[in-house]
>>> print(open('query-v1.pdb').read())   # PDB, C-alpha atoms and all ligand atoms
ATOM      1  CA  MET A   1       0.000   0.000   0.000
ATOM      2  CA  GLN A   2       1.291   3.457  -0.815
ATOM      3  CA  VAL A   3       0.761   6.306   1.601
ATOM      4  CA  ILE A   4       1.681   9.923   1.062
ATOM      5  CA  HIS A   5       4.723  11.352   2.702
ATOM      6  CA  PRO A   6       4.299  15.148   2.964
ATOM      7  CA  PHE A   7       7.586  16.655   2.060
ATOM      8  CA  SER A   8       8.564  20.267   1.547
ATOM      9  CA  GLY A   9      11.980  20.692   0.077
ATOM     10  CA  THR A  10      13.985  19.761  -2.961
ATOM     11  CA  VAL A  11      14.168  16.228  -4.327
ATOM     12  CA  GLN A  12      17.865  16.170  -3.372
ATOM     13  CA  HIS A  13      16.886  17.044   0.190
ATOM     14  CA  TYR A  14      14.303  14.250   0.170
ATOM     15  CA  ASN A  15      16.945  11.766  -1.007
ATOM     16  CA  GLU A  16      19.122  12.690   1.966
ATOM     17  CA  GLU A  17      16.343  12.655   4.553
ATOM     18  CA  ILE A  18      14.895   9.326   3.512
ATOM     19  CA  VAL A  19      18.142   7.598   4.525
ATOM     20  CA  ASP A  20      17.076   7.779   8.184
ATOM     21  CA  VAL A  21      14.678   4.890   8.784
ATOM     22  CA  ASN A  22      13.272   6.432  11.950
ATOM     23  CA  GLN A  23      12.458   9.914  10.783
ATOM     24  CA  TYR A  24       9.145   9.155   9.113
ATOM     25  CA  ARG A  25       8.445   5.689  10.465
ATOM     26  CA  PRO A  26       4.662   5.218  10.686
ATOM     27  CA  ASP A  27       3.627   4.583  14.296
ATOM     28  CA  GLY A  28       0.996   2.066  13.282
ATOM     29  CA  CYS A  29      -0.131   0.002  10.327
ATOM     30  CA  PRO A  30      -2.547   1.739   7.926
ATOM     31  CA  GLN A  31      -3.703  -1.649   6.644
ATOM     32  CA  CYS A  32      -4.565  -3.658   9.734
ATOM     33  CA  GLU A  33      -4.755  -0.959  12.437
ATOM     34  CA  ASP A  34      -1.982  -2.633  14.424
ATOM     35  CA  ARG A  35      -0.587   0.029  16.762
ATOM     36  CA  ASP A  36       3.062  -1.080  16.795
ATOM     37  CA  PRO A  37       5.589   0.973  14.828
ATOM     38  CA  LEU A  38       6.399  -0.581  11.439
ATOM     39  CA  THR A  39       9.781  -2.140  10.688
ATOM     40  CA  GLY A  40      12.063  -0.692   8.005
ATOM     41  CA  HIS A  41      11.882  -2.855   4.883
ATOM     42  CA  GLY A  42      14.306  -1.254   2.454
ATOM     43  CA  PHE A  43      13.412   0.842  -0.557
ATOM     44  CA  TYR A  44      12.117   0.592  -4.034
ATOM     45  CA  ARG A  45      13.423   2.805  -6.784
ATOM     46  CA  ARG A  46      11.451   4.834  -9.245
ATOM     47  CA  THR A  47      12.229   7.456 -11.835
ATOM     48  CA  LEU A  48      11.083  11.027 -11.420
ATOM     49  CA  VAL A  49      11.174  14.126 -13.567
ATOM     50  CA  ASP A  50      10.584  17.340 -11.650
ATOM     51  CA  LEU A  51      11.348  20.934 -12.613
ATOM     52  CA  ASN A  52      14.927  20.681 -11.368
ATOM     53  CA  PHE A  53      15.422  16.952 -11.208
ATOM     54  CA  ASP A  54      15.554  14.040 -13.627
ATOM     55  CA  GLY A  55      16.655  10.781 -12.117
ATOM     56  CA  VAL A  56      15.893   7.989  -9.706
ATOM     57  CA  ILE A  57      14.473   8.419  -6.222
ATOM     58  CA  ARG A  58      14.221   5.799  -3.536
ATOM     59  CA  VAL A  59      10.897   5.218  -1.834
ATOM     60  CA  ARG A  60      11.037   4.017   1.764
ATOM     61  CA  ARG A  61       9.180   0.808   2.545
ATOM     62  CA  TYR A  62       8.018  -0.521   5.922
ATOM     63  CA  LEU A  63       6.734  -3.898   7.012
ATOM     64  CA  CYS A  64       3.946  -4.580   9.488
ATOM     65  CA  ASN A  65       4.922  -7.390  11.852
ATOM     66  CA  SER A  66       1.304  -8.230  12.452
ATOM     67  CA  CYS A  67      -0.253  -8.511   8.967
ATOM     68  CA  ARG A  68       3.097  -8.837   7.103
ATOM     69  CA  ARG A  69       2.029  -6.311   4.490
ATOM     70  CA  THR A  70       4.279  -3.480   3.313
ATOM     71  CA  THR A  71       3.541   0.225   3.312
ATOM     72  CA  SER A  72       5.601   2.629   1.218
ATOM     73  CA  LEU A  73       5.947   6.360   1.759
ATOM     74  CA  LEU A  74       5.575   8.058  -1.574
ATOM     75  CA  PRO A  75       6.748  11.698  -1.471
ATOM     76  CA  ASP A  76       3.774  13.951  -2.097
ATOM     77  CA  TYR A  77       5.178  15.632  -5.212
ATOM     78  CA  ALA A  78       5.217  12.313  -7.108
ATOM     79  CA  LEU A  79       2.225  10.475  -8.538
ATOM     80  CA  PRO A  80       1.893   6.704  -8.457
ATOM     81  CA  TRP A  81       2.718   5.099 -11.836
ATOM     82  CA  LEU A  82       3.667   8.387 -13.530
ATOM     83  CA  ARG A  83       7.271   9.447 -14.070
ATOM     84  CA  PHE A  84       6.592  13.185 -14.117
ATOM     85  CA  SER A  85       6.029  15.185 -10.948
ATOM     86  CA  ILE A  86       2.762  16.891 -10.069
ATOM     87  CA  SER A  87       4.349  20.324 -10.630
ATOM     88  CA  VAL A  88       5.401  19.517 -14.190
ATOM     89  CA  ILE A  89       2.027  18.030 -15.131
ATOM     90  CA  ALA A  90       0.148  20.889 -13.423
ATOM     91  CA  LEU A  91       2.096  23.580 -15.286
ATOM     92  CA  PHE A  92       1.433  21.829 -18.572
ATOM     93  CA  LEU A  93      -2.289  21.266 -18.002
ATOM     94  CA  VAL A  94      -2.961  24.797 -16.778
ATOM     95  CA  ALA A  95      -1.063  26.320 -19.698
ATOM     96  CA  ARG A  96      -2.809  24.143 -22.262
ATOM     97  CA  LEU A  97      -6.340  23.697 -20.905
ATOM     98  CA  LEU A  98      -6.875  26.866 -18.867
ATOM     99  CA  SER A  99      -4.724  29.454 -20.637
ATOM    100  CA  GLY A 100      -5.243  27.898 -24.072
ATOM    101  CA  LEU A 101      -1.580  27.796 -25.091
ATOM    102  CA  THR A 102      -0.413  25.483 -27.879
ATOM    103  CA  LEU A 103       1.008  22.057 -27.016
ATOM    104  CA  LEU A 104       4.501  23.374 -27.620
ATOM    105  CA  ALA A 105       4.039  26.520 -25.524
ATOM    106  CA  ALA A 106       2.467  24.462 -22.737
ATOM    107  CA  ALA A 107       5.432  22.076 -22.789
ATOM    108  CA  ARG A 108       7.722  25.089 -22.557
ATOM    109  CA  ALA A 109       5.720  26.428 -19.583
ATOM    110  CA  ALA A 110       6.380  23.098 -17.855
ATOM    111  CA  GLU A 111      10.093  23.297 -18.771
ATOM    112  CA  GLN A 112       9.719  20.263 -21.030
ATOM    113  CA  GLN A 113      10.300  21.912 -24.405
ATOM    114  CA  THR A 114      11.811  18.784 -25.913
ATOM    115  CA  MET A 115       9.186  16.309 -24.802
ATOM    116  CA  PRO A 116       7.158  14.446 -27.435
ATOM    117  CA  TYR A 117       3.761  16.072 -27.922
ATOM    118  CA  GLN A 118       2.078  12.702 -27.357
ATOM    119  CA  ARG A 119       3.045  12.866 -23.699
ATOM    120  CA  GLY A 120       1.141  16.104 -23.200
ATOM    121  CA  GLN A 121      -1.823  14.701 -25.079
ATOM    122  CA  PHE A 122      -1.792  11.661 -22.826
ATOM    123  CA  TRP A 123      -1.896  13.872 -19.704
ATOM    124  CA  MET A 124      -4.735  15.896 -21.212
ATOM    125  CA  ARG A 125      -6.789  12.838 -22.104
ATOM    126  CA  ARG A 126      -6.370  11.396 -18.628
ATOM    127  CA  PHE A 127      -7.240  14.693 -16.990
ATOM    128  CA  GLN A 128     -10.285  15.337 -19.158
ATOM    129  CA  LYS A 129     -11.622  11.916 -18.273
ATOM    130  CA  GLN A 130     -11.064  12.566 -14.583
ATOM    131  CA  ALA A 131     -12.221  16.211 -14.405
ATOM    132  CA  ARG A 132     -15.821  15.633 -13.371
ATOM    133  CA  ALA A 133     -14.895  13.260 -10.530
ATOM    134  CA  LEU A 134     -12.183  15.674  -9.401
ATOM    135  CA  SER A 135     -14.499  18.686  -9.234
ATOM    136  CA  LEU A 136     -17.024  16.698  -7.222
ATOM    137  CA  ALA A 137     -14.416  15.374  -4.793
ATOM    138  CA  LEU A 138     -12.651  18.708  -4.334
ATOM    139  CA  ALA A 139     -15.949  20.419  -3.509
ATOM    140  CA  ALA A 140     -15.338  19.066   0.017
ATOM    141  CA  ARG A 141     -12.397  21.461   0.235
ATOM    142  CA  VAL A 142     -13.202  24.496  -1.903
ATOM    143  CA  ALA A 143     -16.349  26.064  -3.328
ATOM    144  CA  PRO A 144     -16.712  25.127  -6.989
ATOM    145  CA  PRO A 145     -16.174  28.239  -9.115
ATOM    146  CA  ALA A 146     -18.417  29.142 -12.024
ATOM    147  CA  ALA A 147     -16.828  27.558 -15.070
ATOM    148  CA  PRO A 148     -17.937  26.606 -18.574
ATOM    149  CA  ASP A 149     -17.030  22.917 -18.136
ATOM    150  CA  PHE A 150     -15.685  20.366 -15.678
ATOM    151  CA  VAL A 151     -12.146  20.624 -17.018
ATOM    152  CA  SER A 152     -11.764  24.326 -16.287
ATOM    153  CA  ARG A 153     -13.679  23.971 -13.020
ATOM    154  CA  ALA A 154     -11.367  21.195 -11.788
ATOM    155  CA  LEU A 155      -8.288  23.138 -12.891
ATOM    156  CA  ARG A 156      -9.399  26.259 -11.046
ATOM    157  CA  MET A 157     -10.129  24.253  -7.903
ATOM    158  CA  LEU A 158      -6.699  22.623  -8.072
ATOM    159  CA  GLU A 159      -5.045  25.989  -8.586
ATOM    160  CA  SER A 160      -6.787  27.493  -5.590
ATOM    161  CA  LEU A 161      -6.106  24.533  -3.268
ATOM    162  CA  GLY A 162      -2.605  23.887  -4.530
ATOM    163  CA  TRP A 163      -2.086  20.742  -6.595
ATOM    164  CA  ILE A 164       0.065  18.902  -4.093
ATOM    165  CA  ALA A 165      -2.262  19.643  -1.172
ATOM    166  CA  ALA A 166      -5.211  18.546  -3.306
ATOM    167  CA  HIS A 167      -3.373  15.361  -4.263
ATOM    168  CA  ARG A 168      -2.672  14.590  -0.576
ATOM    169  CA  PHE A 169      -6.373  14.943   0.204
ATOM    170  CA  LEU A 170      -7.595  12.956  -2.806
ATOM    171  CA  PHE A 171      -5.092  10.161  -2.404
ATOM    172  CA  SER A 172      -5.094   9.780   1.372
ATOM    173  CA  ARG A 173      -8.821  10.130   1.947
ATOM    174  CA  LEU A 174     -10.323   8.822  -1.257
ATOM    175  CA  ARG A 175      -7.539   6.770  -2.879
ATOM    176  CA  MET A 176      -8.171   8.918  -5.900
ATOM    177  CA  HIS A 177      -5.478   9.645  -8.492
ATOM    178  CA  LEU A 178      -5.197  13.104 -10.078
ATOM    179  CA  LEU A 179      -5.038  11.601 -13.551
ATOM    180  CA  GLY A 180      -7.124   8.526 -12.751
ATOM    181  CA  TRP A 181      -5.866   5.010 -12.097
ATOM    182  CA  PRO A 182      -5.122   2.804 -15.061
ATOM    183  CA  ALA A 183      -7.536  -0.135 -14.974
ATOM    184  CA  SER A 184      -4.768  -2.563 -13.985
ATOM    185  CA  LEU A 185      -3.874  -0.589 -10.850
ATOM    186  CA  ALA A 186      -7.243   0.667  -9.629
ATOM    187  CA  PRO A 187      -7.411   0.052  -5.882
ATOM    188  CA  HIS A 188     -10.351  -1.899  -4.571
ATOM    189  CA  GLY A 189     -12.949  -0.237  -2.372
TER     190      GLY A 189
HETATM  191 ZN    ZN B   1      -0.589  -4.470   9.444
END
>>> encode(input="query-v1.pdb", output="structure tokens")
Amino acid sequence: MQVIHPFSGTVQHYNEEIVDVNQYRPDGCPQCEDRDPLTGHGFYRRTLVDLNFDGVIRVRRYLCNSCRRTTSLLPDYALPWLRFSISVIALFLVARLLSGLTLLAAARAAEQQTMPYQRGQFWMRRFQKQARALSLALAARVAPPAAPDFVSRALRMLESLGWIAAHRFLFSRLRMHLLGWPASLAPHG
């Protein structure tokens, strides 16, 4: 199970802090409600592209001694199953779908001027599919603004809440993914 690890700082800073097994050790199991602190269980590696980072990060994993399931602490600027950070995707989507810039200009706004245009189109398709569910879910946190469609409404709500804060809420409380889960990874319940 992945849980969100709120983290303010650079990716480099995260990479240094995550070395200490105790610093963010969960004091109970989120999966079986066991109240004993979890045991360090190594890391897994994943790639990440952020505004000032392009490389591999390690994600800390813990083991519950009671149910034997693992819990990993995903830093809150990264999205499960996507290589690009929330900030990069947010800059692109706002530039393209809210400000109406071209694909190329939107990629430039996200500091990804050399990326293939298909990547941006993929993010847009996922977001458009997810926009209605996002606006409904985020209404628990911010009043829905008047907007011509669900896409611009969801974007405005994300802008006013902050994308990373909104992601923490959606993922932790509702197991909802900003760009929607691919069918193969959709969590149950
Ligand atoms: Zn457990």
>>> closest_residue(input="query-v1.pdb", among="A:Val94, A:Ala107, A:Phe122, A:Arg25", to="Leu158 in chain A", atoms="all atoms listed in the file")
A:Val94
>>> closest_residue(input="query-v1.pdb", among="A:Ser66, A:Thr39, A:Gln12, A:Ser135", to="ligand ZN 1 (chain B)", atoms="all atoms listed in the file")
A:Ser66
>>> residues_around(input="query-v1.pdb", residues="range 14-24 of chain A", least_positions_apart="6", cutoff="9 Å", atoms="only C-alpha atoms", output="number ranges by chain")
A: 5, 7-8, 39-40, 42, 57-60, 73, 75
>>> write_last_selection(input="query-v1.pdb", atoms="C-alpha atoms", output="CSV table (one decimal), in the frame of the given file")
chain,number,residue,atom,x,y,z
A,5,HIS,CA,4.7,11.4,2.7
A,7,PHE,CA,7.6,16.7,2.1
A,8,SER,CA,8.6,20.3,1.5
A,39,THR,CA,9.8,-2.1,10.7
A,40,GLY,CA,12.1,-0.7,8.0
A,42,GLY,CA,14.3,-1.3,2.5
A,57,ILE,CA,14.5,8.4,-6.2
A,58,ARG,CA,14.2,5.8,-3.5
A,59,VAL,CA,10.9,5.2,-1.8
A,60,ARG,CA,11.0,4.0,1.8
A,73,LEU,CA,5.9,6.4,1.8
A,75,PRO,CA,6.7,11.7,-1.5
>>> closest_atom_pairs(input="query-v1.pdb", of="chain A", to="ligand ZN 1 (chain B)", cutoff="10 Å", atoms="only C-alpha atoms and all ligand atoms", output="Markdown table")
| residue | atom | partner | partner_atom | distance |
| --- | --- | --- | --- | --- |
| A:Gly28 | CA | B:ZN1 | ZN | 7.7 |
| A:Cys29 | CA | B:ZN1 | ZN | 4.6 |
| A:Pro30 | CA | B:ZN1 | ZN | 6.7 |
| A:Gln31 | CA | B:ZN1 | ZN | 5.0 |
| A:Cys32 | CA | B:ZN1 | ZN | 4.1 |
| A:Glu33 | CA | B:ZN1 | ZN | 6.2 |
| A:Asp34 | CA | B:ZN1 | ZN | 5.5 |
| A:Arg35 | CA | B:ZN1 | ZN | 8.6 |
| A:Asp36 | CA | B:ZN1 | ZN | 8.9 |
| A:Pro37 | CA | B:ZN1 | ZN | 9.8 |
| A:Leu38 | CA | B:ZN1 | ZN | 8.2 |
| A:Leu63 | CA | B:ZN1 | ZN | 7.7 |
| A:Cys64 | CA | B:ZN1 | ZN | 4.5 |
| A:Asn65 | CA | B:ZN1 | ZN | 6.7 |
| A:Ser66 | CA | B:ZN1 | ZN | 5.2 |
| A:Cys67 | CA | B:ZN1 | ZN | 4.1 |
| A:Arg68 | CA | B:ZN1 | ZN | 6.2 |
| A:Arg69 | CA | B:ZN1 | ZN | 5.9 |
| A:Thr70 | CA | B:ZN1 | ZN | 7.9 |
| A:Thr71 | CA | B:ZN1 | ZN | 8.8 |
>>> resolve_selection(input="query-v1.pdb", expression="the PyMOL selection byres (((chain A and resi 128) around 12) and not hetatm)", output="ChimeraX atom specification")
/A:93,96-97,121-127,129-135,149-155,178-180
>>> residues_around(input="query-v1.pdb", residues="range 89-92 of chain A", least_positions_apart="6", cutoff="12 Å", atoms="only C-alpha atoms", output="ChimeraX atom specification")
/A:49-51,77-79,82-83,98-113,115,117,119-124,126-127,154-156,158-159,162-164,166-167,178-179
>>> atom_distance(input="query-v1.pdb", atom1="CA of Val11 in chain A", atom2="CA of Phe53 in chain A")
7.0 Å
>>> axis_aligned_box(input="query-v1.pdb", around="range 129-134 of chain A", padding_each_side="6 Å", output="AutoDock Vina command-line options")
--center_x -13.4 --center_y 14.1 --center_z -13.8 --size_x 16.8 --size_y 16.3 --size_z 20.9
>>> atom_distance(input="query-v1.pdb", atom1="CA of Ile4 in chain A", atom2="CA of Asp76 in chain A")
5.5 Å
>>> resolve_selection(input="query-v1.pdb", expression="the PyMOL selection byres (((chain A and resi 171-175) around 10) and not hetatm)", output="number ranges by chain")
A: 2-4, 76, 79-80, 137, 165-170, 176-178, 181, 186-189
>>> write_last_selection(input="query-v1.pdb", atoms="C-alpha atoms", output="PDB file, keeping the file's coordinate frame")
ATOM      1  CA  GLN A   2       1.291   3.457  -0.815  1.00  0.00           C
ATOM      2  CA  VAL A   3       0.761   6.306   1.601  1.00  0.00           C
ATOM      3  CA  ILE A   4       1.681   9.923   1.062  1.00  0.00           C
ATOM      4  CA  ASP A  76       3.774  13.951  -2.097  1.00  0.00           C
ATOM      5  CA  LEU A  79       2.225  10.475  -8.538  1.00  0.00           C
ATOM      6  CA  PRO A  80       1.893   6.704  -8.457  1.00  0.00           C
ATOM      7  CA  ALA A 137     -14.416  15.374  -4.793  1.00  0.00           C
ATOM      8  CA  ALA A 165      -2.262  19.643  -1.172  1.00  0.00           C
ATOM      9  CA  ALA A 166      -5.211  18.546  -3.306  1.00  0.00           C
ATOM     10  CA  HIS A 167      -3.373  15.361  -4.263  1.00  0.00           C
ATOM     11  CA  ARG A 168      -2.672  14.590  -0.576  1.00  0.00           C
ATOM     12  CA  PHE A 169      -6.373  14.943   0.204  1.00  0.00           C
ATOM     13  CA  LEU A 170      -7.595  12.956  -2.806  1.00  0.00           C
ATOM     14  CA  MET A 176      -8.171   8.918  -5.900  1.00  0.00           C
ATOM     15  CA  HIS A 177      -5.478   9.645  -8.492  1.00  0.00           C
ATOM     16  CA  LEU A 178      -5.197  13.104 -10.078  1.00  0.00           C
ATOM     17  CA  TRP A 181      -5.866   5.010 -12.097  1.00  0.00           C
ATOM     18  CA  ALA A 186      -7.243   0.667  -9.629  1.00  0.00           C
ATOM     19  CA  PRO A 187      -7.411   0.052  -5.882  1.00  0.00           C
ATOM     20  CA  HIS A 188     -10.351  -1.899  -4.571  1.00  0.00           C
ATOM     21  CA  GLY A 189     -12.949  -0.237  -2.372  1.00  0.00           C
TER      22      GLY A 189
END
>>> atom_distance(input="query-v1.pdb", atom1="CA of Pro182 in chain A", atom2="CA of Val56 in chain A")
22.3 Å
